[in-house]
>>> print(open('query-v2.cif').read())   # mmCIF, N, CA and C atoms
data_final
#
loop_
_atom_site.label_atom_id
_atom_site.label_comp_id
_atom_site.auth_asym_id
_atom_site.auth_seq_id
_atom_site.Cartn_x
_atom_site.Cartn_y
_atom_site.Cartn_z
N MET A 1 103.40 31.06 140.56
CA MET A 1 102.76 30.00 139.82
C MET A 1 102.44 30.50 138.41
N THR A 2 102.66 29.69 137.44
CA THR A 2 102.28 30.01 136.08
C THR A 2 101.36 28.92 135.56
N GLN A 3 100.66 29.22 134.49
CA GLN A 3 99.71 28.25 133.94
C GLN A 3 100.39 26.95 133.53
N ASN A 4 101.61 27.03 133.06
CA ASN A 4 102.28 25.85 132.53
C ASN A 4 103.03 25.06 133.60
N THR A 5 103.03 25.54 134.82
CA THR A 5 103.73 24.86 135.90
C THR A 5 102.78 23.89 136.59
N PRO A 6 103.13 22.62 136.68
CA PRO A 6 102.26 21.67 137.39
C PRO A 6 102.09 22.10 138.85
N ARG A 7 100.94 21.90 139.39
CA ARG A 7 100.66 22.26 140.77
C ARG A 7 101.21 21.20 141.71
N THR A 8 101.74 21.64 142.84
CA THR A 8 102.23 20.70 143.83
C THR A 8 101.06 20.18 144.65
N ASP A 9 101.29 19.07 145.36
CA ASP A 9 100.25 18.54 146.24
C ASP A 9 99.87 19.56 147.30
N ASP A 10 100.85 20.33 147.81
CA ASP A 10 100.55 21.36 148.81
C ASP A 10 99.63 22.44 148.24
N GLU A 11 99.91 22.88 147.01
CA GLU A 11 99.07 23.90 146.38
C GLU A 11 97.66 23.39 146.17
N LEU A 12 97.55 22.17 145.67
CA LEU A 12 96.23 21.59 145.43
C LEU A 12 95.49 21.36 146.74
N GLY A 13 96.20 20.94 147.77
CA GLY A 13 95.58 20.75 149.08
C GLY A 13 95.08 22.06 149.65
N THR A 14 95.85 23.13 149.47
CA THR A 14 95.43 24.45 149.93
C THR A 14 94.17 24.89 149.19
N LEU A 15 94.14 24.70 147.89
CA LEU A 15 92.97 25.08 147.10
C LEU A 15 91.75 24.26 147.51
N ASP A 16 91.92 22.96 147.69
CA ASP A 16 90.81 22.12 148.15
C ASP A 16 90.26 22.63 149.48
N GLY A 17 91.17 22.98 150.40
CA GLY A 17 90.75 23.48 151.71
C GLY A 17 89.99 24.79 151.60
N ILE A 18 90.46 25.68 150.73
CA ILE A 18 89.77 26.96 150.52
C ILE A 18 88.36 26.71 149.99
N ILE A 19 88.24 25.84 149.01
CA ILE A 19 86.93 25.56 148.41
C ILE A 19 85.98 24.97 149.45
N LEU A 20 86.44 23.98 150.21
CA LEU A 20 85.58 23.39 151.25
C LEU A 20 85.17 24.43 152.28
N ASP A 21 86.11 25.27 152.69
CA ASP A 21 85.79 26.31 153.68
C ASP A 21 84.73 27.27 153.18
N VAL A 22 84.86 27.75 151.93
CA VAL A 22 83.90 28.73 151.46
C VAL A 22 82.52 28.12 151.24
N VAL A 23 82.46 26.86 150.83
CA VAL A 23 81.16 26.20 150.68
C VAL A 23 80.48 26.07 152.04
N ARG A 24 81.23 25.57 153.02
CA ARG A 24 80.66 25.44 154.37
C ARG A 24 80.21 26.80 154.91
N ASP A 25 81.07 27.82 154.75
CA ASP A 25 80.75 29.15 155.27
C ASP A 25 79.51 29.74 154.61
N LEU A 26 79.40 29.62 153.29
CA LEU A 26 78.26 30.19 152.60
C LEU A 26 76.95 29.58 153.08
N TYR A 27 76.90 28.25 153.15
CA TYR A 27 75.66 27.60 153.58
C TYR A 27 75.40 27.82 155.07
N ARG A 28 76.46 27.86 155.87
CA ARG A 28 76.28 28.18 157.29
C ARG A 28 75.70 29.58 157.45
N ASP A 29 76.25 30.55 156.70
CA ASP A 29 75.74 31.92 156.76
C ASP A 29 74.28 32.01 156.34
N ALA A 30 73.85 31.08 155.49
CA ALA A 30 72.44 31.04 155.06
C ALA A 30 71.58 30.22 156.02
N GLY A 31 72.20 29.69 157.10
CA GLY A 31 71.45 28.90 158.07
C GLY A 31 71.14 27.49 157.62
N ILE A 32 71.95 26.96 156.71
CA ILE A 32 71.71 25.63 156.17
C ILE A 32 72.85 24.71 156.60
N SER A 33 72.49 23.60 157.27
CA SER A 33 73.52 22.62 157.62
C SER A 33 73.68 21.66 156.45
N MET A 34 74.92 21.29 156.20
CA MET A 34 75.21 20.44 155.06
C MET A 34 76.07 19.27 155.48
N SER A 35 75.93 18.19 154.73
CA SER A 35 76.84 17.06 154.88
C SER A 35 77.33 16.70 153.48
N PRO A 36 78.57 16.25 153.38
CA PRO A 36 79.11 15.94 152.05
C PRO A 36 78.32 14.83 151.37
N GLY A 37 78.27 14.90 150.08
CA GLY A 37 77.61 13.87 149.31
C GLY A 37 77.25 14.39 147.94
N PRO A 38 77.00 13.50 147.02
CA PRO A 38 76.69 13.93 145.66
C PRO A 38 75.28 14.51 145.57
N ALA A 39 75.12 15.47 144.67
CA ALA A 39 73.79 16.00 144.39
C ALA A 39 73.02 14.96 143.59
N SER A 40 71.72 14.98 143.74
CA SER A 40 70.88 14.11 142.93
C SER A 40 71.10 14.45 141.46
N GLN A 41 71.13 13.45 140.63
CA GLN A 41 71.30 13.70 139.20
C GLN A 41 69.97 13.83 138.49
N GLU A 42 68.89 13.79 139.22
CA GLU A 42 67.58 13.95 138.61
C GLU A 42 66.92 15.20 139.17
N ASP A 43 66.31 15.98 138.28
CA ASP A 43 65.62 17.20 138.65
C ASP A 43 66.51 18.08 139.52
N SER A 44 67.56 18.58 138.93
CA SER A 44 68.58 19.36 139.64
C SER A 44 68.74 20.74 139.02
N MET A 45 69.43 21.57 139.77
CA MET A 45 69.82 22.88 139.29
C MET A 45 71.33 22.88 139.10
N LEU A 46 71.79 23.45 137.99
CA LEU A 46 73.21 23.59 137.71
C LEU A 46 73.51 25.05 137.47
N ALA A 47 74.62 25.51 137.99
CA ALA A 47 75.10 26.86 137.70
C ALA A 47 76.59 26.78 137.41
N PHE A 48 77.04 27.63 136.53
CA PHE A 48 78.46 27.67 136.22
C PHE A 48 78.89 29.11 136.03
N ILE A 49 80.15 29.35 136.39
CA ILE A 49 80.73 30.68 136.27
C ILE A 49 82.21 30.51 135.93
N GLY A 50 82.66 31.25 134.96
CA GLY A 50 84.06 31.18 134.54
C GLY A 50 84.93 32.17 135.28
N PHE A 51 86.22 31.90 135.27
CA PHE A 51 87.19 32.83 135.86
C PHE A 51 88.49 32.75 135.09
N THR A 52 89.26 33.83 135.19
CA THR A 52 90.57 33.87 134.55
C THR A 52 91.49 34.76 135.36
N SER A 53 92.77 34.54 135.19
CA SER A 53 93.82 35.38 135.78
C SER A 53 95.10 35.09 135.00
N ALA A 54 96.16 35.78 135.36
CA ALA A 54 97.44 35.52 134.71
C ALA A 54 97.95 34.13 135.06
N GLU A 55 97.55 33.61 136.23
CA GLU A 55 98.07 32.34 136.71
C GLU A 55 97.21 31.13 136.37
N VAL A 56 95.92 31.33 136.27
CA VAL A 56 95.01 30.18 136.16
C VAL A 56 93.70 30.63 135.50
N ASN A 57 93.00 29.69 134.87
CA ASN A 57 91.66 29.98 134.39
C ASN A 57 90.84 28.70 134.45
N GLY A 58 89.53 28.85 134.42
CA GLY A 58 88.66 27.69 134.49
C GLY A 58 87.24 28.10 134.77
N SER A 59 86.49 27.19 135.36
CA SER A 59 85.10 27.48 135.70
C SER A 59 84.71 26.71 136.95
N LEU A 60 83.71 27.22 137.62
CA LEU A 60 83.15 26.60 138.81
C LEU A 60 81.75 26.11 138.45
N LEU A 61 81.45 24.87 138.78
CA LEU A 61 80.13 24.30 138.54
C LEU A 61 79.49 23.99 139.89
N VAL A 62 78.27 24.44 140.07
CA VAL A 62 77.50 24.14 141.27
C VAL A 62 76.31 23.29 140.84
N ALA A 63 76.16 22.12 141.46
CA ALA A 63 75.02 21.24 141.20
C ALA A 63 74.28 21.06 142.52
N THR A 64 72.99 21.24 142.48
CA THR A 64 72.19 21.11 143.70
C THR A 64 70.82 20.52 143.37
N ASP A 65 70.27 19.83 144.33
CA ASP A 65 68.91 19.33 144.11
C ASP A 65 67.91 20.44 144.43
N LEU A 66 66.66 20.22 144.06
CA LEU A 66 65.64 21.25 144.23
C LEU A 66 65.37 21.58 145.69
N ALA A 67 65.52 20.60 146.58
CA ALA A 67 65.26 20.84 148.00
C ALA A 67 66.28 21.82 148.57
N LEU A 68 67.56 21.63 148.27
CA LEU A 68 68.58 22.55 148.77
C LEU A 68 68.41 23.92 148.12
N CYS A 69 68.08 23.93 146.86
CA CYS A 69 67.85 25.19 146.16
C CYS A 69 66.73 25.98 146.85
N ALA A 70 65.66 25.30 147.23
CA ALA A 70 64.53 25.97 147.89
C ALA A 70 64.95 26.59 149.21
N LYS A 71 65.89 25.97 149.91
CA LYS A 71 66.36 26.52 151.18
C LYS A 71 67.11 27.83 151.00
N MET A 72 67.67 28.04 149.83
CA MET A 72 68.42 29.27 149.55
C MET A 72 67.51 30.42 149.11
N LEU A 73 66.27 30.10 148.74
CA LEU A 73 65.34 31.12 148.27
C LEU A 73 64.77 31.93 149.43
N PRO A 74 64.42 33.20 149.20
CA PRO A 74 63.69 33.95 150.21
C PRO A 74 62.37 33.24 150.53
N ALA A 75 61.90 33.38 151.76
CA ALA A 75 60.72 32.64 152.23
C ALA A 75 59.52 32.82 151.31
N ASP A 76 59.29 34.03 150.80
CA ASP A 76 58.11 34.26 149.97
C ASP A 76 58.18 33.55 148.62
N LEU A 77 59.38 33.20 148.17
CA LEU A 77 59.53 32.47 146.90
C LEU A 77 59.66 30.97 147.11
N ALA A 78 60.03 30.54 148.29
CA ALA A 78 60.29 29.13 148.54
C ALA A 78 59.02 28.29 148.55
N GLU A 79 57.88 28.90 148.84
CA GLU A 79 56.63 28.13 148.92
C GLU A 79 56.22 27.57 147.57
N SER A 80 56.35 28.37 146.52
CA SER A 80 56.02 27.88 145.18
C SER A 80 57.02 28.49 144.19
N PRO A 81 58.26 27.97 144.21
CA PRO A 81 59.32 28.58 143.39
C PRO A 81 59.13 28.31 141.90
N THR A 82 59.48 29.31 141.13
CA THR A 82 59.49 29.16 139.67
C THR A 82 60.90 28.73 139.25
N ASP A 83 61.01 28.23 138.04
CA ASP A 83 62.33 27.87 137.52
C ASP A 83 63.22 29.11 137.42
N LEU A 84 62.63 30.27 137.11
CA LEU A 84 63.41 31.50 137.03
C LEU A 84 64.00 31.84 138.40
N ALA A 85 63.21 31.71 139.46
CA ALA A 85 63.72 31.98 140.82
C ALA A 85 64.80 30.98 141.20
N ARG A 86 64.59 29.71 140.85
CA ARG A 86 65.60 28.68 141.14
C ARG A 86 66.91 28.98 140.39
N CYS A 87 66.79 29.35 139.12
CA CYS A 87 67.99 29.69 138.35
C CYS A 87 68.70 30.90 138.95
N ASP A 88 67.94 31.90 139.35
CA ASP A 88 68.53 33.10 139.91
C ASP A 88 69.31 32.79 141.19
N VAL A 89 68.72 32.03 142.09
CA VAL A 89 69.39 31.75 143.36
C VAL A 89 70.57 30.80 143.15
N THR A 90 70.48 29.88 142.21
CA THR A 90 71.59 28.97 141.96
C THR A 90 72.76 29.71 141.32
N ALA A 91 72.47 30.60 140.36
CA ALA A 91 73.53 31.41 139.76
C ALA A 91 74.16 32.33 140.80
N GLU A 92 73.36 32.91 141.66
CA GLU A 92 73.90 33.79 142.70
C GLU A 92 74.75 33.00 143.70
N THR A 93 74.36 31.77 143.98
CA THR A 93 75.16 30.92 144.86
C THR A 93 76.54 30.67 144.24
N ALA A 94 76.57 30.36 142.95
CA ALA A 94 77.85 30.15 142.27
C ALA A 94 78.68 31.42 142.30
N ASN A 95 78.04 32.56 142.07
CA ASN A 95 78.73 33.84 142.09
C ASN A 95 79.32 34.13 143.48
N GLN A 96 78.55 33.89 144.52
CA GLN A 96 79.04 34.13 145.87
C GLN A 96 80.16 33.17 146.24
N LEU A 97 80.04 31.92 145.86
CA LEU A 97 81.11 30.96 146.14
C LEU A 97 82.41 31.37 145.46
N LEU A 98 82.34 31.68 144.18
CA LEU A 98 83.56 32.05 143.47
C LEU A 98 84.11 33.38 143.98
N GLY A 99 83.23 34.29 144.36
CA GLY A 99 83.70 35.55 144.95
C GLY A 99 84.47 35.32 146.24
N ARG A 100 83.99 34.40 147.06
CA ARG A 100 84.69 34.07 148.30
C ARG A 100 86.02 33.36 148.03
N ILE A 101 86.03 32.50 147.03
CA ILE A 101 87.29 31.84 146.63
C ILE A 101 88.27 32.91 146.14
N LYS A 102 87.78 33.82 145.32
CA LYS A 102 88.62 34.91 144.81
C LYS A 102 89.27 35.68 145.96
N ASN A 103 88.48 36.03 146.95
CA ASN A 103 89.01 36.77 148.10
C ASN A 103 90.07 35.98 148.86
N ARG A 104 89.88 34.68 148.95
CA ARG A 104 90.84 33.83 149.67
C ARG A 104 92.14 33.61 148.89
N LEU A 105 92.12 33.83 147.57
CA LEU A 105 93.32 33.64 146.75
C LEU A 105 94.20 34.88 146.68
N VAL A 106 93.66 36.04 147.05
CA VAL A 106 94.43 37.28 146.98
C VAL A 106 95.75 37.20 147.76
N PRO A 107 95.78 36.64 148.99
CA PRO A 107 97.06 36.56 149.70
C PRO A 107 98.12 35.72 148.98
N PHE A 108 97.70 34.88 148.04
CA PHE A 108 98.63 34.06 147.28
C PHE A 108 99.07 34.76 145.98
N GLY A 109 98.64 36.02 145.81
CA GLY A 109 99.01 36.78 144.62
C GLY A 109 98.20 36.43 143.39
N ILE A 110 97.06 35.80 143.58
CA ILE A 110 96.20 35.41 142.46
C ILE A 110 94.96 36.29 142.48
N THR A 111 94.74 37.02 141.40
CA THR A 111 93.58 37.90 141.28
C THR A 111 92.70 37.37 140.15
N LEU A 112 91.55 36.85 140.52
CA LEU A 112 90.63 36.28 139.53
C LEU A 112 89.73 37.36 138.95
N ILE A 113 89.42 37.22 137.68
CA ILE A 113 88.39 38.00 137.00
C ILE A 113 87.26 37.02 136.72
N LEU A 114 86.05 37.36 137.17
CA LEU A 114 84.91 36.45 137.08
C LEU A 114 84.00 36.81 135.91
N SER A 115 83.39 35.80 135.31
CA SER A 115 82.38 36.04 134.29
C SER A 115 81.01 36.12 134.96
N THR A 116 79.99 36.26 134.16
CA THR A 116 78.62 36.28 134.66
C THR A 116 78.14 34.84 134.83
N PRO A 117 77.56 34.51 135.99
CA PRO A 117 77.08 33.14 136.18
C PRO A 117 75.84 32.84 135.34
N ARG A 118 75.69 31.58 134.99
CA ARG A 118 74.52 31.09 134.26
C ARG A 118 74.00 29.86 135.00
N ALA A 119 72.70 29.65 134.93
CA ALA A 119 72.11 28.50 135.62
C ALA A 119 71.02 27.89 134.75
N LEU A 120 70.75 26.61 135.02
CA LEU A 120 69.69 25.91 134.32
C LEU A 120 69.14 24.79 135.19
N ARG A 121 67.94 24.40 134.87
CA ARG A 121 67.32 23.25 135.53
C ARG A 121 67.41 22.08 134.57
N CYS A 122 67.77 20.93 135.11
CA CYS A 122 67.87 19.75 134.24
C CYS A 122 67.18 18.57 134.92
N THR A 123 66.68 17.68 134.08
CA THR A 123 66.01 16.50 134.60
C THR A 123 66.97 15.35 134.80
N SER A 124 68.13 15.40 134.13
CA SER A 124 69.18 14.43 134.37
C SER A 124 70.48 14.96 133.77
N PHE A 125 71.58 14.55 134.32
CA PHE A 125 72.86 14.96 133.77
C PHE A 125 73.94 13.95 134.15
N THR A 126 74.99 13.95 133.38
CA THR A 126 76.16 13.14 133.65
C THR A 126 77.37 14.05 133.56
N LEU A 127 78.24 13.98 134.54
CA LEU A 127 79.45 14.80 134.52
C LEU A 127 80.62 13.95 134.03
N ALA A 128 81.32 14.49 133.08
CA ALA A 128 82.55 13.87 132.59
C ALA A 128 83.63 14.93 132.71
N MET A 129 84.76 14.56 133.28
CA MET A 129 85.83 15.54 133.48
C MET A 129 87.03 15.17 132.62
N ARG A 130 87.78 16.19 132.24
CA ARG A 130 89.00 15.94 131.50
C ARG A 130 90.16 16.56 132.24
#
>>> encode(input="query-v2.cif", output="structure tokens")
Amino acid sequence: MTQNTPRTDDELGTLDGIILDVVRDLYRDAGISMSPGPASQEDSMLAFIGFTSAEVNGSLLVATDLALCAKMLPADLAESPTDLARCDVTAETANQLLGRIKNRLVPFGITLILSTPRALRCTSFTLAMR
């Protein structure tokens, strides 16, 4: 695969499956049951992390509401979490997700290089994709 080659439906389906698997696995490993659905667009946490390789580059965005974010925090921080603790756990979640995706892409000959994750708390947001 090269950057300029359009992806086939099979390739995109495989990538979608990998992403869904790693999201489910990460939250399951944390003892959190999840159901698909959009994150609240009000009072949310966002984290993003970039990646690059010879074949592909881009970024991963994680959006979560404060309740799910609190479930990812250690018990001593979950009772009265600070925005710094929320940002830390949300950025770490993005880092772990992309790390798991990276590991799953190795058999396909794709080696990702990851950037440092960043996170923020927002009171509202709108996603526009290109």
>>> atom_distance(input="query-v2.cif", atom1="atom CA of Gly17 of chain A", atom2="atom C of Cys69 of chain A")
24.6 Å
>>> resolve_selection(input="query-v2.cif", expression="the PyMOL selection byres (((chain A and resi 58 and name CA) around 12) and name CA)", output="MDAnalysis selection string")
chainID A and resid 3 48:57 59:61 98 112:115
>>> atom_distance(input="query-v2.cif", atom1="atom C of Phe125 of chain A", atom2="atom N of Gly31 of chain A")
27.9 Å
>>> residues_near_point(input="query-v2.cif", point="(61.7, 27.0, 142.5)", cutoff="8 Å", atoms="only N, CA and C atoms", output="VMD selection string")
chain A and resid 66 69 to 70 73 77 to 87
>>> write_last_selection(input="query-v2.cif", atoms="N, CA and C atoms", output="CSV table (one decimal), keeping the file's coordinate frame")
chain,number,residue,atom,x,y,z
A,66,LEU,N,66.7,20.2,144.1
A,66,LEU,CA,65.6,21.2,144.2
A,66,LEU,C,65.4,21.6,145.7
A,69,CYS,N,68.1,23.9,146.9
A,69,CYS,CA,67.8,25.2,146.2
A,69,CYS,C,66.7,26.0,146.8
A,70,ALA,N,65.7,25.3,147.2
A,70,ALA,CA,64.5,26.0,147.9
A,70,ALA,C,65.0,26.6,149.2
A,73,LEU,N,66.3,30.1,148.7
A,73,LEU,CA,65.3,31.1,148.3
A,73,LEU,C,64.8,31.9,149.4
A,77,LEU,N,59.4,33.2,148.2
A,77,LEU,CA,59.5,32.5,146.9
A,77,LEU,C,59.7,31.0,147.1
A,78,ALA,N,60.0,30.5,148.3
A,78,ALA,CA,60.3,29.1,148.5
A,78,ALA,C,59.0,28.3,148.6
A,79,GLU,N,57.9,28.9,148.8
A,79,GLU,CA,56.6,28.1,148.9
A,79,GLU,C,56.2,27.6,147.6
A,80,SER,N,56.4,28.4,146.5
A,80,SER,CA,56.0,27.9,145.2
A,80,SER,C,57.0,28.5,144.2
A,81,PRO,N,58.3,28.0,144.2
A,81,PRO,CA,59.3,28.6,143.4
A,81,PRO,C,59.1,28.3,141.9
A,82,THR,N,59.5,29.3,141.1
A,82,THR,CA,59.5,29.2,139.7
A,82,THR,C,60.9,28.7,139.2
A,83,ASP,N,61.0,28.2,138.0
A,83,ASP,CA,62.3,27.9,137.5
A,83,ASP,C,63.2,29.1,137.4
A,84,LEU,N,62.6,30.3,137.1
A,84,LEU,CA,63.4,31.5,137.0
A,84,LEU,C,64.0,31.8,138.4
A,85,ALA,N,63.2,31.7,139.5
A,85,ALA,CA,63.7,32.0,140.8
A,85,ALA,C,64.8,31.0,141.2
A,86,ARG,N,64.6,29.7,140.8
A,86,ARG,CA,65.6,28.7,141.1
A,86,ARG,C,66.9,29.0,140.4
A,87,CYS,N,66.8,29.4,139.1
A,87,CYS,CA,68.0,29.7,138.4
A,87,CYS,C,68.7,30.9,139.0
>>> select_by_dssp(input="query-v2.cif", residues="chain A", states="strand (DSSP E)", output="JSON, numbers by chain")
{"A": [42, 43, 44, 45, 46, 47, 48, 49, 50, 51, 52, 57, 58, 59, 60, 61, 62, 63, 64, 65, 113, 114, 118, 119, 120, 121, 122, 123, 124]}
>>> atom_distance(input="query-v2.cif", atom1="atom N of Leu68 of chain A", atom2="atom CA of Asp16 of chain A")
23.3 Å
